Each structure stands twice: as structure tokens, then as C-alpha cells.
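A short worksheet on the structure shown next.
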Amino acid sequence: MLQLIRPGVALPIETIADRPLDLPALFPGLSRFECEIGFCSAIFLNEYANRHPDTGILGIEKKRSYFLRGLHNLERKLKQDNVRIINFDAHPVLLMLLPPGALDALHIYFPDPWPKKRHQRNRLVNRDNLKMFHERLRPGGRIHLATDHPDYAAFIERELTAITGLFDRLPYGTADREVLTKWEKKQIENGMPINYYLLEKR
Ligand SMILES: C[S@@+](CC[C@H](N)C(=O)[O-])C[C@H]1O[C@@H](n2cnc3c(N)ncnc32)[C@H](O)[C@@H]1O
């Protein structure tokens, strides 16, 4: 049985699925809220949360083993009570449980590329989901996105063209990154090119 140091960090999906998430109630005293989809072992999530104690951060990770690794990391290293994590597919969580305008920022780093043509419909960052993410952001809210997969990058460019008018694309590159993810550090060490996107809701 996993012993939780902070009993409130993990939100079991069965306890939260019956009504929209009330972020101010989940993060008492905080008024800025962000979300990371696919936090894996929570290397970025933990460090980013520690640097932003004024921000409540919701982490969503669908793979159980990664979620548990992330939970373990947060239990050891998180310095304050500003993270809640959910072990589920982020799409229905954002679509059905997050109210419109709830988020100041959404972080999606190295989403699964689904390289085979017939699997591309599984890509998380597509035009429909970008519209849905847009709705979940406050005006001026931002999406931080990165991929090292050239075909996914080209796909994202096409999807962004299809939703012209929703976001302003701001300059963003490695030098602008405050905290790196685990995969990002590895790919930078390997000299792999990374495509970054910073999208601001109009
Ligand atoms: C390639 S890994 C990148 C991990 C981490 N973001 C990093 O940069 O080191 C993609 C992660 O996203 C998670 N993931 C993929 N689709 C997801 C979804 N729909 N909802 C939640 N997590 C998802 C995967 O389980 C995996 O942990």
C-alpha cells in the first residue's frame, strides 16, 4: 500500500468524475492555475511547481507506472502543497471536468507521436483539441508545447493553420525554457532538434 505524505496530491478519478473540478477549492489560497499533460516521472512538474508556489498545478498522466513514479518523486521533493495529479487520459478530463476559462497555462511536452498514418487520429495535439484547449484557457492564457518528432511538428503546423485566429504564436526556443523535462534534457544532450510552440489565447 502506497503511503501518501500529502494525502491530497493524488486525485483518484472515481472521486472527482461526477462534477467539474473546482480549482480554487482544490488549491486553497491560490488564484493562478496551470496543467501539465503527460508528466511521466514529474521531473518538470516538481521543479516547476517548486519555482511557482503561487500557482496551483494539475498534472495528468495516463500510464499507471509513470503516474506512480511521478507521485513518488513529488512526495520526496515537492516543497509546498500546490500540485494535484490525476491518473487518466487527459482528453476527457479537460473536456468534461475542467470548466471553460479555468487555466492560465497548459504544458504539453513531447506528446506521443503516433507515427503510423492509421494511428495519427490518436494525436493529442490536433485542431479539435487545440480548440478545446483554447476554451479551457483564460484570455491571454498560454500553451507551452514541444515535440522532437519532425512529422508531428509538420502536423501541428497544419493544425495551427486550420485554426488561425484563436492563438498568437510567440517566439519560443530552448533559451526561453525555465525548466526542462526529462526527455527534453536527454534530446538536447543527444543534439536532437526540438520544435517549440508558445501559443497565447487571443
Ligand atoms: C514521450 S512521453 C514525454 C514525457 C514528459 N512530458 C517529458 O517530456 O519527459 C509522453 C507522456 O505523455 C503521456 N500521455 C500520452 N498521452 C496522454 C494522455 N492522453 N493523457 C495523459 N497522459 C498522456 C504518456 O504516458 C507519457 O508519459
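Every chain in the C-alpha cells takes a letter, A first, then B, and so on in the order presented; its residues are numbered from 1, and the ligands are numbered from 1 following the presented order.
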(Q) How would you report the residues lying within 8 Å of ligand 1, as a PyMOL selection string, if you count only C-alpha atoms and all ligand atoms? (A) chain A and resi 37-44+60-63+66-67+87-91+108-113+124+180-184
Q: Excluding region 191-195 of chain A and residues on its chain fewer than 2 positions from it, collect all residues at most 6 Å away from it, counting only C-alpha atoms, and give them as an MDAnalysis selection string.
A: chainID A and resid 146:148 187:189
Could you write out that same residue set with N, CA and C atoms as a PDB file, in the first residue's frame?
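Writing the result to again-v1.pdb gives the following:
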```
ATOM      1  N   ALA A 146       6.058  21.206 -26.952  1.00  0.00           N
ATOM      2  CA  ALA A 146       7.320  20.849 -27.621  1.00  0.00           C
ATOM      3  C   ALA A 146       7.208  19.448 -28.203  1.00  0.00           C
ATOM      4  N   THR A 147       7.844  19.268 -29.353  1.00  0.00           N
ATOM      5  CA  THR A 147       7.996  17.916 -29.922  1.00  0.00           C
ATOM      6  C   THR A 147       9.350  17.816 -30.615  1.00  0.00           C
ATOM      7  N   ASP A 148       9.913  16.616 -30.558  1.00  0.00           N
ATOM      8  CA  ASP A 148      11.169  16.362 -31.278  1.00  0.00           C
ATOM      9  C   ASP A 148      10.903  15.471 -32.485  1.00  0.00           C
ATOM     10  N   GLN A 187      17.209  14.781 -25.077  1.00  0.00           N
ATOM     11  CA  GLN A 187      17.308  15.083 -26.502  1.00  0.00           C
ATOM     12  C   GLN A 187      18.246  16.248 -26.768  1.00  0.00           C
ATOM     13  N   ILE A 188      18.317  17.200 -25.847  1.00  0.00           N
ATOM     14  CA  ILE A 188      19.285  18.294 -26.008  1.00  0.00           C
ATOM     15  C   ILE A 188      20.704  17.726 -25.935  1.00  0.00           C
ATOM     16  N   GLU A 189      20.931  16.817 -24.965  1.00  0.00           N
ATOM     17  CA  GLU A 189      22.259  16.165 -24.855  1.00  0.00           C
ATOM     18  C   GLU A 189      22.613  15.391 -26.127  1.00  0.00           C
TER      19      GLU A 189
END
```
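If you look at CA of Arg138 (chain A) and CA of Leu106 (chain A), they are 10.7 Å away from each other.
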Q: Quick one: pick out all strand (DSSP E or B) residues within region 3-139 of chain A from a backbone DSSP run and write them as a ChimeraX atom specification.
A: /A:10,32-37,55-60,83-86,103-109,137-139
Q | DSSP alpha helix (DSSP H) residues within region 6-188 of chain A, as number ranges by chain | A | A: 13-16, 23-26, 43-51, 64-77, 90-92, 127-136, 150-162, 182-188
Q | Selected residue of minimal separation from Asn82 (chain A) among A:Gly29, A:Gly141, A:Pro24, A:Pro53, counting only C-alpha atoms | A | A:Pro53
(Q) Restricting the calculation to only C-alpha atoms: of A:Trp114, A:Tyr48, A:Tyr172, A:Tyr152, which residue gets closest to Glu36 (chain A)? (A) A:Tyr48
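For the residues A:Asp54, A:Glu157, A:Glu47, A:Asp22, ranking by smallest atom-to-atom distance to Pro100 (chain A) using only C-alpha atoms places A:Asp22 first.
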Q) What is the CA of Arg76 (chain A) to CA of Ser31 (chain A) distance in Å? A)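 Spanning CA of Arg76 (chain A) to CA of Ser31 (chain A) is a straight-line distance of 25.2 Å.
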